[in-house]
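Encoded as structure tokens, the structure appears first; notes follow it.
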Amino acid sequence: MEVAVKRLDAGLRKLKLPAAIGLAGAAGLVLGFAGAVGLAETTIPTEHKGLTVETLGFVPAESMSAQVGLDGHILLLRRITIAPGGQIAKHSAESTPAVVYMVSGTWIEGRASGETEHSAGDSFIEDKDTVHWFYNRGEQPATALVCDIKPAG
């Protein structure tokens, strides 16, 4: 880091910038630009794009109530595919716990805390604290099996 600062300082001297702008001003410009790039890459999607959702099966509310005592909910198995460049909008799993298994490709999961890559063979959960969104930044469709409990209706 110190070497980079010295190089930046030497470069600024060659430009003959006023001392008031100097190293601090240039660093601010660089950091501001980097921040703008970072924001562009982490835009939170508000709508789905390039998404295919197939219902593969479900356990109806009557069975969920009789078998596990969970009234008014269904157990749902879906295959969800995000096309290249596609996305899943920001959503919460507060009332819809799920287990996700990646079948092919890679989903990039965004959360307030950062991004996580999920690739074929990976699995992850969505619990009451999950608020997230997904991107497919790859060149091939990316598919996951999602098993979740949802309110009936």
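Each chain in the structure tokens gets a letter, A, B, ..., in the order shown, and its residues are numbered from 1; ligands are numbered from 1 in order too.
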
Within 7 Å of Glu94 (chain A), counting only C-alpha atoms, which residues show up once you throw out same-chain ones fewer than 2 positions away? Write them as a compact mmCIF listing (two decimals) with C-alpha atoms, in the first residue's frame, please.
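Output file around_20.txt follows:
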```
# COMPACT_ATOMS: atom_id res chain seq x y z
CA SER A 92 -37.63 -12.11 1.95
CA THR A 96 -41.17 -19.24 3.43
CA ASP A 127 -34.49 -18.96 6.77
CA LYS A 128 -36.49 -16.29 8.62
CA ASP A 129 -33.57 -13.84 8.45
CA THR A 130 -32.97 -14.21 4.71
```

ask   = Smallest atom-to-atom distance to Glu115 (chain A): which of A:Arg78, A:Thr143, A:His132, A:Asp148, using only C-alpha atoms?
value = A:His132

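The space separating CA of Gly110 (chain A) from CA of Phe134 (chain A) comes to 5.9 Å.
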